[in-house]
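So this one's entry-v1.cif, mmCIF, C-alpha atoms:
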data_entry
loop_
_atom_site.label_atom_id
_atom_site.label_comp_id
_atom_site.auth_asym_id
_atom_site.auth_seq_id
_atom_site.Cartn_x
_atom_site.Cartn_y
_atom_site.Cartn_z
CA MET X 530 33.42 10.49 13.22
CA THR X 531 33.54 6.84 12.47
CA ASP X 532 35.08 5.37 9.38
CA ALA X 533 32.60 5.84 6.54
CA ALA X 534 33.06 2.26 5.30
CA ASP X 535 31.82 1.00 8.65
CA ALA X 536 28.68 3.12 8.71
CA LEU X 537 25.19 1.60 8.53
CA ILE X 538 24.18 4.67 6.64
CA ALA X 539 26.44 7.35 5.24
CA VAL X 540 25.22 10.78 4.22
CA ARG X 541 27.40 13.04 2.09
CA GLY X 542 26.65 16.65 1.19
CA LEU X 543 22.94 16.28 1.71
CA GLY X 544 20.83 19.23 0.69
CA LEU X 545 17.11 19.37 1.13
CA GLU X 546 14.66 21.77 -0.42
CA ARG X 547 10.93 21.94 0.07
CA GLY X 548 8.64 24.46 -1.52
CA GLY X 549 11.53 26.62 -2.74
CA LYS X 550 13.03 26.84 0.73
CA ALA X 551 16.32 25.20 1.69
CA LEU X 552 15.89 23.08 4.81
CA LEU X 553 19.31 21.50 4.87
CA ALA X 554 22.57 22.26 3.14
CA ASP X 555 25.69 20.14 2.91
CA LEU X 556 24.97 17.74 5.75
CA ASP X 557 27.49 14.96 6.36
CA LEU X 558 26.43 12.21 8.71
CA ASP X 559 27.74 8.71 9.42
CA ILE X 560 25.58 6.47 11.51
CA ALA X 561 27.55 3.44 12.64
CA ALA X 562 26.81 0.42 14.79
CA GLY X 563 26.18 1.46 18.38
CA HIS X 564 25.07 4.99 17.55
CA LEU X 565 22.05 6.64 19.04
CA VAL X 566 21.31 9.80 17.12
CA LEU X 567 18.76 12.39 18.17
CA ILE X 568 17.61 14.81 15.49
CA GLU X 569 16.49 18.07 17.06
CA GLY X 570 15.05 21.26 15.73
CA PRO X 571 11.94 23.42 15.78
CA ASN X 572 8.75 22.43 13.95
CA GLY X 573 9.24 22.65 10.22
CA SER X 574 13.01 22.37 10.32
CA GLY X 575 13.01 19.17 8.26
CA LYS X 576 13.35 16.42 10.88
CA THR X 577 10.68 14.19 9.39
CA THR X 578 11.87 14.85 5.84
CA LEU X 579 15.44 13.95 6.82
CA LEU X 580 14.25 10.73 8.41
CA ARG X 581 12.12 9.85 5.38
CA SER X 582 15.09 10.56 3.13
CA LEU X 583 17.28 8.25 5.21
CA ALA X 584 14.60 5.57 4.86
CA GLY X 585 14.55 6.11 1.09
CA LEU X 586 10.91 7.17 1.03
CA SER X 587 11.54 10.75 0.03
CA ARG X 588 13.67 11.90 -2.88
CA LEU X 589 11.86 15.08 -3.80
CA GLY X 590 14.12 18.14 -3.57
CA LEU X 591 17.05 16.08 -2.39
CA SER X 592 20.67 16.55 -3.41
CA GLY X 593 23.80 14.75 -2.27
CA ARG X 594 24.27 11.08 -1.49
CA ILE X 595 22.73 8.66 0.97
CA GLU X 596 24.28 5.21 1.13
CA ALA X 597 22.50 2.62 3.22
CA ARG X 598 24.51 -0.47 4.07
CA CYS X 599 22.32 -1.98 6.73
CA ASP X 600 20.76 -5.45 6.65
CA GLU X 601 17.53 -4.21 8.05
CA LEU X 602 15.93 -0.81 8.07
CA LEU X 603 12.89 -0.16 10.19
CA TYR X 604 11.02 3.10 9.86
CA LEU X 605 8.19 4.11 12.17
CA GLY X 606 6.62 7.34 11.01
CA HIS X 607 3.75 9.59 11.99
CA ARG X 608 1.37 7.28 10.20
CA ALA X 609 1.32 4.14 12.24
CA GLY X 610 1.01 1.61 9.43
CA ILE X 611 -1.67 -0.17 11.46
CA LYS X 612 -4.83 -1.44 9.80
CA GLN X 613 -7.88 -0.43 11.84
CA LEU X 614 -9.85 -3.45 10.65
CA LEU X 615 -7.20 -5.98 11.65
CA THR X 616 -6.28 -7.12 15.15
CA PRO X 617 -2.83 -6.35 16.58
CA ARG X 618 -1.88 -9.97 15.98
CA GLU X 619 -2.97 -9.86 12.32
CA ASN X 620 -1.19 -6.55 11.81
CA LEU X 621 2.05 -7.90 13.22
CA ALA X 622 1.74 -11.18 11.33
CA TRP X 623 1.80 -9.26 8.06
CA ALA X 624 4.70 -7.11 9.29
CA CYS X 625 6.60 -10.33 10.03
CA ARG X 626 5.98 -11.68 6.55
CA SER X 627 6.99 -8.44 4.88
CA GLN X 628 10.19 -8.08 6.90
CA GLY X 629 11.12 -11.72 7.14
CA TRP X 630 10.77 -11.87 10.93
CA ASP X 631 9.76 -15.01 12.76
CA PRO X 632 6.03 -14.81 13.68
CA VAL X 633 6.77 -17.02 16.71
CA HIS X 634 7.77 -13.89 18.62
CA ILE X 635 4.50 -11.99 18.11
CA ASP X 636 3.02 -13.00 21.46
CA SER X 637 6.07 -11.99 23.45
CA ALA X 638 6.34 -8.71 21.50
CA LEU X 639 2.70 -7.88 22.29
CA ASP X 640 3.30 -8.85 25.88
CA ARG X 641 6.27 -6.51 26.15
CA VAL X 642 4.27 -3.52 24.89
CA GLY X 643 1.48 -4.38 27.33
CA LEU X 644 -1.11 -5.55 24.83
CA SER X 645 -1.23 -9.26 25.53
CA GLY X 646 -4.89 -9.11 26.58
CA ARG X 647 -5.89 -7.21 23.44
CA ALA X 648 -4.13 -9.22 20.77
CA ASP X 649 -7.38 -10.29 19.10
CA LEU X 650 -9.36 -7.06 19.32
CA LEU X 651 -9.76 -4.97 16.17
CA CYS X 652 -7.34 -2.04 16.26
CA GLN X 653 -10.17 0.44 15.72
CA HIS X 654 -11.33 -0.41 19.24
CA LEU X 655 -7.93 0.45 20.76
CA SER X 656 -6.92 3.87 22.05
CA ALA X 657 -4.41 6.08 20.20
CA GLY X 658 -1.68 5.14 22.66
CA GLN X 659 -2.44 1.44 22.32
CA GLN X 660 -2.25 1.71 18.54
CA ARG X 661 1.16 3.35 18.87
CA ARG X 662 2.15 0.42 21.06
CA VAL X 663 1.11 -2.07 18.35
CA ASN X 664 3.51 -0.22 16.10
CA LEU X 665 6.26 -0.28 18.72
CA ALA X 666 5.90 -4.05 18.98
CA ARG X 667 7.66 -4.09 15.60
CA LEU X 668 10.82 -2.95 17.39
CA HIS X 669 10.74 -6.05 19.59
CA LEU X 670 10.13 -8.29 16.56
CA SER X 671 13.06 -6.65 14.80
CA PHE X 672 15.18 -7.12 17.93
CA ASP X 673 14.24 -10.80 18.15
CA ALA X 674 15.12 -11.34 14.49
CA ARG X 675 18.79 -10.68 15.44
CA HIS X 676 19.82 -9.00 12.23
CA LYS X 677 23.43 -7.88 12.57
CA ARG X 678 23.33 -4.44 11.02
CA SER X 679 19.94 -3.14 11.96
CA LEU X 680 18.94 0.50 11.78
CA TRP X 681 15.82 1.96 13.38
CA LEU X 682 14.45 5.30 12.19
CA LEU X 683 11.86 6.51 14.67
CA ASP X 684 9.85 9.67 14.08
CA GLU X 685 8.51 11.01 17.38
CA PRO X 686 8.25 7.54 18.93
CA PHE X 687 7.05 8.88 22.29
CA THR X 688 3.87 10.50 20.99
CA ALA X 689 0.80 9.33 22.93
CA ILE X 690 2.88 6.88 25.00
CA ASP X 691 2.47 6.93 28.78
CA ARG X 692 5.36 7.33 31.24
CA GLY X 693 5.91 3.62 31.78
CA GLY X 694 5.87 3.08 28.04
CA VAL X 695 8.51 5.76 27.50
CA ALA X 696 10.82 4.06 30.00
CA ALA X 697 10.31 0.67 28.32
CA LEU X 698 10.89 2.17 24.89
CA THR X 699 14.13 3.92 25.85
CA ASP X 700 15.25 0.66 27.39
CA THR X 701 14.56 -1.16 24.10
CA MET X 702 16.52 1.47 22.19
CA ALA X 703 19.45 1.10 24.60
CA GLN X 704 19.46 -2.66 24.05
CA GLN X 705 19.40 -2.21 20.29
CA VAL X 706 22.39 0.15 20.46
CA ARG X 707 24.37 -2.09 22.83
CA ARG X 708 23.80 -5.07 20.57
CA GLY X 709 25.43 -3.28 17.64
CA GLY X 710 22.42 -1.79 15.91
CA ALA X 711 21.74 1.90 15.55
CA VAL X 712 18.80 4.20 16.30
CA VAL X 713 17.98 7.55 14.77
CA LEU X 714 15.04 9.37 16.31
CA THR X 715 13.35 12.72 16.42
CA SER X 716 11.88 13.85 19.70
CA HIS X 717 11.07 16.97 21.65
CA GLN X 718 11.53 15.11 24.91
CA ASP X 719 14.70 14.59 26.88
CA LEU X 720 15.79 10.99 26.82
CA PRO X 721 16.41 9.37 30.21
CA LEU X 722 19.33 7.35 28.89
CA ASP X 723 22.75 6.45 30.21
CA ILE X 724 24.29 5.73 26.82
CA PRO X 725 26.08 8.36 24.74
CA LEU X 726 23.79 10.33 22.50
CA ARG X 727 24.72 12.17 19.35
CA ARG X 728 22.69 15.23 18.54
CA VAL X 729 22.03 16.60 15.10
CA VAL X 730 20.49 20.03 15.41
CA LEU X 731 18.59 21.35 12.42
CA GLY X 732 18.19 25.08 12.32
CA GLY X 733 15.83 27.25 10.37
CA GLY X 734 12.20 26.31 10.51
CA ARG X 735 9.05 28.33 10.23
CA MET P 1045 24.13 -9.67 4.73
CA SER P 1046 20.94 -11.13 6.06
CA ASN P 1047 21.14 -14.78 7.08
CA GLN P 1048 17.78 -15.90 5.81
CA PRO P 1049 16.05 -14.08 2.96
CA PRO P 1050 12.40 -13.38 3.76
CA ALA P 1051 10.13 -16.04 2.26
CA LEU P 1052 8.51 -14.50 -0.80
CA GLY P 1053 5.69 -17.01 -1.21
CA ALA P 1054 4.62 -16.65 2.41
CA PHE P 1055 4.64 -12.86 2.07
CA LEU P 1056 2.50 -12.84 -1.09
CA GLY P 1057 0.09 -15.37 0.44
CA ALA P 1058 -0.17 -13.29 3.62
CA SER P 1059 -0.74 -10.10 1.59
CA LEU P 1060 -3.52 -11.71 -0.44
CA ARG P 1061 -5.17 -13.08 2.71
CA ARG P 1062 -4.88 -9.71 4.41
CA GLN P 1063 -6.50 -7.81 1.53
CA LEU P 1064 -9.34 -10.34 1.29
CA LEU P 1065 -9.89 -10.22 5.06
CA LEU P 1066 -10.02 -6.41 4.93
CA ALA P 1067 -12.57 -6.55 2.11
CA TYR P 1068 -14.61 -9.06 4.09
CA ARG P 1069 -14.64 -6.73 7.10
CA ARG P 1070 -15.54 -3.74 4.91
CA PRO P 1071 -18.06 -5.24 2.46
CA VAL P 1072 -19.35 -1.84 1.34
CA ASP P 1073 -16.46 -1.50 -1.15
CA THR P 1074 -17.51 -4.75 -2.80
CA ILE P 1075 -21.24 -4.15 -2.70
CA ASN P 1076 -21.29 -0.54 -3.97
CA PRO P 1077 -20.15 -1.28 -7.58
CA LEU P 1078 -22.63 -4.17 -7.76
CA LEU P 1079 -25.50 -1.96 -6.58
CA PHE P 1080 -24.46 0.69 -9.07
CA PHE P 1081 -24.50 -1.92 -11.84
CA LEU P 1082 -27.95 -3.13 -10.80
CA LEU P 1083 -29.38 0.39 -10.64
CA VAL P 1084 -28.15 1.46 -14.06
CA VAL P 1085 -29.23 -1.78 -15.73
CA THR P 1086 -32.70 -1.30 -14.21
CA LEU P 1087 -32.90 2.23 -15.62
CA PHE P 1088 -32.17 1.32 -19.24
CA PRO P 1089 -35.46 -0.42 -20.12
CA LEU P 1090 -37.27 2.55 -18.58
CA GLY P 1091 -35.23 5.01 -20.62
CA ILE P 1092 -35.13 3.38 -24.05
CA GLY P 1093 -38.36 1.38 -23.88
CA PRO P 1094 -39.05 -2.23 -22.94
CA ASP P 1095 -39.04 -3.63 -26.50
CA PRO P 1096 -37.02 -6.90 -26.13
CA ALA P 1097 -35.52 -6.75 -29.62
CA GLN P 1098 -34.26 -3.22 -29.13
CA LEU P 1099 -32.88 -3.96 -25.64
CA ALA P 1100 -31.13 -7.08 -26.92
CA GLU P 1101 -29.45 -5.04 -29.61
CA PHE P 1102 -28.03 -2.54 -27.11
CA ALA P 1103 -27.36 -5.05 -24.31
CA PRO P 1104 -23.66 -5.83 -25.08
CA GLY P 1105 -22.72 -2.15 -25.17
CA ILE P 1106 -24.79 -1.24 -22.10
CA LEU P 1107 -23.42 -4.11 -20.03
CA TRP P 1108 -19.84 -3.24 -20.84
CA ILE P 1109 -20.16 0.52 -20.36
CA VAL P 1110 -21.73 -0.02 -16.95
CA ALA P 1111 -19.07 -2.59 -16.03
CA LEU P 1112 -16.42 -0.08 -16.99
CA LEU P 1113 -17.95 2.68 -14.86
CA ALA P 1114 -18.43 0.32 -11.90
CA SER P 1115 -14.81 -0.70 -12.18
CA LEU P 1116 -13.73 2.94 -12.33
CA MET P 1117 -15.67 3.56 -9.14
CA ALA P 1118 -14.01 0.62 -7.39
CA ALA P 1119 -10.50 1.56 -8.57
CA GLU P 1120 -10.50 5.01 -7.05
CA GLY P 1121 -10.31 3.98 -3.41
CA MET P 1122 -7.97 1.08 -3.96
CA PHE P 1123 -4.86 2.41 -2.17
CA ARG P 1124 -6.58 5.21 -0.23
CA GLN P 1125 -6.78 3.46 3.16
CA ASP P 1126 -3.26 2.08 2.87
CA TYR P 1127 -1.93 5.53 2.07
CA GLU P 1128 -3.71 7.23 4.94
CA ASP P 1129 -2.81 4.72 7.64
CA GLY P 1130 0.83 4.40 6.58
CA SER P 1131 0.66 0.76 5.41
CA LEU P 1132 1.84 1.91 2.02
CA GLU P 1133 5.07 3.31 3.49
CA GLN P 1134 5.71 -0.01 5.19
CA LEU P 1135 5.01 -1.86 1.94
CA LEU P 1136 7.52 0.30 0.04
CA LEU P 1137 10.15 -0.22 2.76
CA SER P 1138 9.71 -3.96 2.88
CA PRO P 1139 12.62 -5.90 1.37
CA GLN P 1140 10.08 -7.85 -0.70
CA PRO P 1141 9.78 -7.04 -4.44
CA LEU P 1142 7.21 -4.30 -4.97
CA TYR P 1143 6.38 -5.60 -8.46
CA LEU P 1144 4.91 -8.81 -7.05
CA ALA P 1145 3.32 -7.03 -4.10
CA SER P 1146 1.51 -4.65 -6.51
CA LEU P 1147 0.36 -7.63 -8.55
CA THR P 1148 -0.96 -9.30 -5.41
CA TYR P 1149 -2.85 -6.17 -4.34
CA THR P 1150 -4.41 -5.94 -7.80
CA ALA P 1151 -5.32 -9.63 -7.78
CA ALA P 1152 -7.06 -9.18 -4.43
CA HIS P 1153 -8.88 -6.13 -5.80
CA TRP P 1154 -10.05 -8.13 -8.83
CA LEU P 1155 -11.22 -11.01 -6.63
CA VAL P 1156 -13.46 -8.71 -4.56
CA THR P 1157 -14.75 -6.45 -7.38
CA GLY P 1158 -14.22 -8.04 -10.82
CA VAL P 1159 -15.21 -11.58 -9.92
CA PRO P 1160 -18.56 -10.72 -8.27
CA LEU P 1161 -19.34 -8.49 -11.26
CA THR P 1162 -18.50 -11.35 -13.64
CA LEU P 1163 -20.60 -13.84 -11.71
CA LEU P 1164 -23.63 -11.56 -11.59
CA SER P 1165 -23.36 -10.38 -15.19
CA PRO P 1166 -25.60 -13.19 -16.64
CA LEU P 1167 -28.37 -11.99 -14.33
CA PHE P 1168 -28.01 -8.39 -15.52
CA ALA P 1169 -27.76 -9.62 -19.12
CA THR P 1170 -31.06 -11.47 -18.77
CA MET P 1171 -32.68 -8.27 -17.51
CA LEU P 1172 -31.53 -6.66 -20.78
CA GLN P 1173 -32.81 -9.54 -22.94
CA LEU P 1174 -29.35 -10.63 -24.13
CA PRO P 1175 -29.73 -13.99 -25.99
CA VAL P 1176 -28.91 -16.95 -23.74
CA ALA P 1177 -26.45 -18.24 -26.33
CA ALA P 1178 -24.22 -15.21 -25.70
CA LEU P 1179 -23.99 -15.72 -21.93
CA PRO P 1180 -20.85 -17.94 -21.92
CA VAL P 1181 -19.01 -15.38 -24.04
CA LEU P 1182 -20.25 -12.59 -21.78
CA LEU P 1183 -18.89 -14.44 -18.74
CA LEU P 1184 -15.53 -15.02 -20.41
CA SER P 1185 -15.25 -11.44 -21.66
CA MET P 1186 -16.17 -10.15 -18.19
CA ALA P 1187 -13.56 -12.34 -16.49
CA LEU P 1188 -10.79 -11.24 -18.87
CA GLY P 1189 -11.96 -7.65 -19.17
CA THR P 1190 -12.46 -6.84 -15.48
CA ALA P 1191 -8.97 -8.21 -14.76
CA ILE P 1192 -7.51 -5.75 -17.29
CA LEU P 1193 -9.64 -2.96 -15.81
CA SER P 1194 -8.35 -3.77 -12.31
CA LEU P 1195 -4.73 -3.65 -13.47
CA VAL P 1196 -5.14 -0.43 -15.43
CA GLY P 1197 -7.29 1.13 -12.69
CA SER P 1198 -4.56 0.38 -10.14
CA ILE P 1199 -2.12 2.49 -12.14
CA GLY P 1200 -4.46 5.48 -11.92
CA ALA P 1201 -5.17 4.80 -8.25
CA ALA P 1202 -1.45 4.60 -7.46
CA LEU P 1203 -0.72 7.88 -9.24
CA THR P 1204 -3.54 9.84 -7.62
CA VAL P 1205 -3.64 8.38 -4.10
CA SER P 1206 -1.86 11.33 -2.47
CA LEU P 1207 -4.28 13.86 -3.98
CA LYS P 1208 -7.22 15.01 -1.88
CA ARG P 1209 -9.60 15.07 -4.82
CA GLY P 1210 -8.21 12.64 -7.35
CA GLY P 1211 -11.59 11.43 -8.63
CA MET P 1212 -11.71 13.34 -11.89
CA LEU P 1213 -8.00 13.02 -12.57
CA ILE P 1214 -8.06 9.24 -12.23
CA SER P 1215 -10.90 9.10 -14.77
CA LEU P 1216 -8.91 11.19 -17.23
CA ILE P 1217 -5.87 8.98 -16.79
CA ILE P 1218 -7.46 5.57 -17.10
CA VAL P 1219 -10.60 5.94 -19.24
CA PRO P 1220 -8.50 6.24 -22.44
CA LEU P 1221 -6.81 2.98 -21.47
CA TYR P 1222 -10.19 1.35 -20.82
CA ILE P 1223 -11.39 2.07 -24.36
CA PRO P 1224 -9.73 -0.90 -26.14
CA VAL P 1225 -11.23 -3.22 -23.51
CA LEU P 1226 -14.67 -1.73 -24.12
CA ILE P 1227 -14.40 -2.09 -27.90
CA PHE P 1228 -13.22 -5.69 -27.97
CA ALA P 1229 -15.22 -7.00 -25.01
CA ALA P 1230 -18.51 -5.49 -26.16
CA GLY P 1231 -17.63 -6.60 -29.69
CA ALA P 1232 -17.15 -10.19 -28.55
CA VAL P 1233 -20.55 -10.24 -26.84
CA ARG P 1234 -22.26 -8.67 -29.86
CA PHE P 1235 -20.67 -11.22 -32.21
CA ALA P 1236 -21.84 -14.05 -29.96
CA ALA P 1237 -25.37 -12.59 -29.80
CA GLU P 1238 -25.52 -12.32 -33.59
CA GLY P 1239 -24.18 -15.83 -34.12
CA PHE P 1240 -20.65 -15.02 -35.31
CA ASP P 1241 -17.42 -16.43 -33.92
CA PRO P 1242 -16.21 -14.20 -31.01
CA ALA P 1243 -12.82 -15.94 -30.73
CA PRO P 1244 -10.70 -13.14 -32.31
CA GLN P 1245 -11.97 -10.52 -29.85
CA LEU P 1246 -11.59 -12.85 -26.88
CA LEU P 1247 -8.04 -13.71 -27.93
CA LEU P 1248 -7.22 -10.02 -28.26
CA LEU P 1249 -8.59 -9.47 -24.74
CA ALA P 1250 -6.43 -12.34 -23.47
CA GLY P 1251 -3.44 -10.75 -25.17
CA MET P 1252 -4.18 -7.38 -23.56
CA LEU P 1253 -4.50 -9.09 -20.18
CA SER P 1254 -1.07 -10.73 -20.60
CA LEU P 1255 0.44 -7.39 -21.50
CA ALA P 1256 -1.25 -5.69 -18.53
CA VAL P 1257 -0.10 -8.39 -16.08
CA ALA P 1258 3.48 -8.02 -17.31
CA LEU P 1259 3.68 -4.22 -17.46
CA ALA P 1260 1.09 -2.67 -15.12
CA PRO P 1261 2.91 -3.66 -11.89
CA PHE P 1262 5.91 -1.54 -13.00
CA ALA P 1263 3.67 1.47 -13.46
CA ILE P 1264 1.80 0.77 -10.20
CA SER P 1265 5.09 0.50 -8.25
CA ALA P 1266 6.44 3.71 -9.75
CA GLY P 1267 3.14 5.50 -9.09
CA LEU P 1268 3.12 4.39 -5.46
CA ARG P 1269 6.71 5.56 -4.93
CA ILE P 1270 5.94 8.97 -6.41
CA SER P 1271 2.76 9.35 -4.37
CA VAL P 1272 4.43 8.40 -1.08
CA ASP P 1273 7.39 10.69 -1.85
CA ALA P 1274 5.10 13.63 -2.51
CA GLY P 1275 2.97 12.95 0.58
#
Could you quickly redo this structure as C-alpha cells?
Amino acid sequence: MTDAADALIAVRGLGLERGGKALLADLDLDIAAGHLVLIEGPNGSGKTTLLRSLAGLSRLGLSGRIEARCDELLYLGHRAGIKQLLTPRENLAWACRSQGWDPVHIDSALDRVGLSGRADLLCQHLSAGQQRRVNLARLHLSFDARHKRSLWLLDEPFTAIDRGGVAALTDTMAQQVRRGGAVVLTSHQDLPLDIPLRRVVLGGGR
Amino acid sequence: MSNQPPALGAFLGASLRRQLLLAYRRPVDTINPLLFFLLVVTLFPLGIGPDPAQLAEFAPGILWIVALLASLMAAEGMFRQDYEDGSLEQLLLSPQPLYLASLTYTAAHWLVTGVPLTLLSPLFATMLQLPVAALPVLLLSMALGTAILSLVGSIGAALTVSLKRGGMLISLIIVPLYIPVLIFAAGAVRFAAEGFDPAPQLLLLAGMLSLAVALAPFAISAGLRISVDAG
C-alpha cells in the first residue's frame, strides 16, 4: 500500500449496492502514480459500476469515500462517446476542446490507432473495431498533453480490437504507467505486460 | 495542478459548432416540428370554417398552442443521441463547467428548432388571417417564447433521457411550465391584433426568459447527472 496522501485516487470503506443486492463492502483502494490495476470478477460483480464510481459518474447506492486527486481523469466506457454523424477528426477535435488537449496532436493520434486514412469519413461508415479505435485515440491525446497526475479508467478496452491493436494498446498503457500516470482497467483477457500488475478481484456476481 | 486550464471560450464555440453540424447532417429533427406546425395550421380552417373574421379571432391562440406542441415534440429527443452513444458521459466528465455547456446545448437546440419556427410564423399567421399589423409582435413573441420553451424543455429532456418511454412523462413535467408562456405570448399577439399595446406581455416574456437563462442550466445539469447515474 502506498501512502494515501500520494494516491491519485483514494477509496475508503466503499460499499456498493444495486437493486437491493450488495456488490461491494468495505473496499479500500489507493491508486498511486505508476500503478496498473486490473479489476477482475465474473459478469455482474460490479466492475463497471466500480469504475463509474471512481470516475464520479455513479453515486447511486454508494457508501464510503472516494477522493480523486488527479489532474486529469479519462474514462472510456462501454458507450464509446463517438458521434456517428461526425468524422473521427471532428469527434477528437471536440474531445480536445472539452479536455483542454492540444488539437495539434489529432493527426498523430489517429495515425497511431491506424485510422490515418479514415480521418474524414463519417464514423457511421466505420466498423465497430474502428470506432473503438477512434475512442482509443483519446488515450494518445491524453498522453501527448503531458498532464502530471493522469488517471485512465478503461472499461473493457480490448473489446472488438484486433490482435495488433491489443499489443499497441497494452504498450500505450505501459508508457502511461512508466511516465507516472495510472491505469485502472477491467478485462477478461490476460495482459501481455512486463510491468507489475495489481489485481482487485470482485466476488459475488449473478 | 494542471499547467494550462482548458480554454472555456474555445470549448463552448466548439460545442455550438458541433451541435449545429449534427443538426445539419440530420435535418429531420429540424424539419419535423415545422411540418407538424404546417399540417395543424392547415387543418384549422377546415375544422372551424374558413370565415376570415372568425379565424383571425382564434389565430393568436392557435399559433401559440401549435408552437408549444411543436416545441414539446422537438424537446423530447434533445439529449437522446448523446445519452445512447456515451457523449453525455464524456460531457459530464469534462473539466469544463456543465452549467455553460448545458446553456450552449440549449442555445444550439433553439437555433435549429425555435428560430426556424419564428421565421416561418408570419407565413402560418397569414394562413390564419392574423392582421398584418400584429406580425412584428408575433415574431418578437415567438423569438422570446420559443427560447423559454427550449430552456424549459431541456429540463424535461434531461430528467427523462434515461427512460425508454419518457414521452408522456416529459409532457407532464414541462407542460405546466409552458402555460405562463402560452398565456402571455398569445396575449401579446391578441393585444396587437386588437390594437392595444402589447408591451407589458412582451416585457413579462423577456423577464421569464432572463429567469430561465439564469436558472434552467442548473436544473438541466442536475437532471443530466441523475440520468447518467441511473443509466
Report task. Show me which bits of chain X are within 9 Å of chain P, counting all atoms listed in the file, as a PyMOL selection string. Result -> chain X and resi 581+584-589+599-615+619-620+622-630+676-678
Requested in this report: Expand the PyMOL selection byres ((chain P and resi 1181-1192) around 6) into the individual residues it matches in the shown file, reporting them as number ranges by chain.
Outcome: P: 1158, 1162, 1178-1180, 1193-1195, 1229, 1233, 1253
Query raised in the report: Interatomic distance between atom CA of Asp555 of chain X and atom CA of Leu731 of chain X?
Result: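 The value is 11.9 Å.
The gap separating atom CA of Leu1226 of chain P from atom CA of Met1117 of chain P is 15.9 Å, in Å to one decimal.
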Query - Residue neighbourhood Ile1223 of chain P, 12 Å, all atoms listed in the file, exclusion window fewer than 5 positions, as a PyMOL selection string - result: chain P and resi 1108-1109+1112-1113+1189+1192-1193+1196+1215-1218+1228-1231+1249+1252
Quick one: what's the axis-aligned box for segment 689-704 of chain X, all listed atoms, 8 Å on every side, centre and edges in Å to one decimal, as JSON?
{"center_x": 10.1, "center_y": 3.3, "center_z": 27.0, "size_x": 34.7, "size_y": 28.0, "size_z": 25.6}
Sort by chain and increasing residue number a table of all residues of segment 533-642 of chain X within 7 Å of segment 717-727 of chain X, each with its closest pair of atoms and their distance in Å to one decimal, counting only C-alpha atoms, and write it as a tab-separated table.
residue	atom	partner	partner_atom	distance
X:Leu565	CA	X:Leu726	CA	5.3
X:Val566	CA	X:Arg727	CA	4.7
X:Leu567	CA	X:Arg727	CA	6.1
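From atom CA of Gly732 of chain X back to atom CA of Ala551 of chain X, the distance works out to 10.8 Å.
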Query - Near-Val713 of chain X list (9 Å; all atoms listed in the file; drop same-chain fewer than 3 positions) as an MDAnalysis selection string - result: chainID X and resid 560 564:568 580 680:684
Spatial neighbours of segment 1173-1175 of chain P, 6 Å, only C-alpha atoms, chain gap at least 4 places, as a compact mmCIF listing (two decimals) with C-alpha atoms, keeping the file's coordinate frame:
# COMPACT_ATOMS: atom_id res chain seq x y z
CA PRO P 1096 -37.02 -6.90 -26.13
CA ALA P 1100 -31.13 -7.08 -26.92
CA ALA P 1103 -27.36 -5.05 -24.31
CA ALA P 1169 -27.76 -9.62 -19.12
CA ALA P 1237 -25.37 -12.59 -29.80
Requested in this report: Quick one: everything within 8 Å of Val1156 of chain P, counting all atoms listed in the file, minus sequence neighbours fewer than 2 positions away in the same chain. Send it as a VMD selection string.
Outcome: chain P and resid 1064 1067 1074 1152 to 1154 1158 to 1160
Query raised in the report: Expanded to explicit residues, what is the PyMOL selection byres ((chain X and resi 539-550) around 7) for this file, as an NGL selection string?
Result: :X and (533 or 536-538 or 551-560 or 590-597)
Reference answer for the PyMOL selection byres ((chain X and resi 648-652) around 6), as a tab-separated table (two decimals) with C-alpha atoms, keeping the file's coordinate frame:
chain	number	residue	atom	x	y	z
X	613	GLN	CA	-7.88	-0.43	11.84
X	614	LEU	CA	-9.85	-3.45	10.65
X	615	LEU	CA	-7.20	-5.98	11.65
X	616	THR	CA	-6.28	-7.12	15.15
X	617	PRO	CA	-2.83	-6.35	16.58
X	618	ARG	CA	-1.88	-9.97	15.98
X	645	SER	CA	-1.23	-9.26	25.53
X	646	GLY	CA	-4.89	-9.11	26.58
X	647	ARG	CA	-5.89	-7.21	23.44
X	653	GLN	CA	-10.17	0.44	15.72
X	654	HIS	CA	-11.33	-0.41	19.24
X	655	LEU	CA	-7.93	0.45	20.76
**Report entry** Minimum-distance residue to Gly563 of chain X, chosen among X:His669, X:Asp535, X:Ile690, X:Val695 (using all atoms listed in the file)
**Finding:** X:Asp535
Query raised in the report: Between P:Ala1266, P:Ala1097, P:Leu1090, P:Leu1161, which has the minimum distance to Pro1077 of chain P (counting all atoms listed in the file)?
Result: P:Leu1161
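Of the residues listed (X:Arg692, X:Pro686, X:Ser679, X:Leu644), X:Ser679 shows the shortest atom-to-atom separation from Arg707 of chain X; distances use only C-alpha atoms.
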Mind dumping segment 1251-1257 of chain P from that block, keeping N, CA and C atoms, as a PDB file, in the first residue's frame?
ATOM      1  N   GLY P1251     -38.777  38.930 -19.174  1.00  0.00           N
ATOM      2  CA  GLY P1251     -38.393  38.639 -17.797  1.00  0.00           C
ATOM      3  C   GLY P1251     -38.315  37.143 -17.537  1.00  0.00           C
ATOM      4  N   MET P1252     -39.312  36.409 -18.070  1.00  0.00           N
ATOM      5  CA  MET P1252     -39.308  34.942 -17.899  1.00  0.00           C
ATOM      6  C   MET P1252     -38.089  34.325 -18.582  1.00  0.00           C
ATOM      7  N   LEU P1253     -37.745  34.878 -19.751  1.00  0.00           N
ATOM      8  CA  LEU P1253     -36.574  34.357 -20.468  1.00  0.00           C
ATOM      9  C   LEU P1253     -35.303  34.567 -19.640  1.00  0.00           C
ATOM     10  N   SER P1254     -35.169  35.768 -19.036  1.00  0.00           N
ATOM     11  CA  SER P1254     -33.981  36.030 -18.209  1.00  0.00           C
ATOM     12  C   SER P1254     -33.894  35.038 -17.054  1.00  0.00           C
ATOM     13  N   LEU P1255     -35.047  34.806 -16.438  1.00  0.00           N
ATOM     14  CA  LEU P1255     -35.091  33.874 -15.313  1.00  0.00           C
ATOM     15  C   LEU P1255     -34.704  32.464 -15.780  1.00  0.00           C
ATOM     16  N   ALA P1256     -35.258  32.064 -16.942  1.00  0.00           N
ATOM     17  CA  ALA P1256     -34.978  30.717 -17.461  1.00  0.00           C
ATOM     18  C   ALA P1256     -33.507  30.573 -17.822  1.00  0.00           C
ATOM     19  N   VAL P1257     -32.913  31.601 -18.435  1.00  0.00           N
ATOM     20  CA  VAL P1257     -31.493  31.522 -18.802  1.00  0.00           C
ATOM     21  C   VAL P1257     -30.639  31.361 -17.545  1.00  0.00           C
TER      22      VAL P1257
END
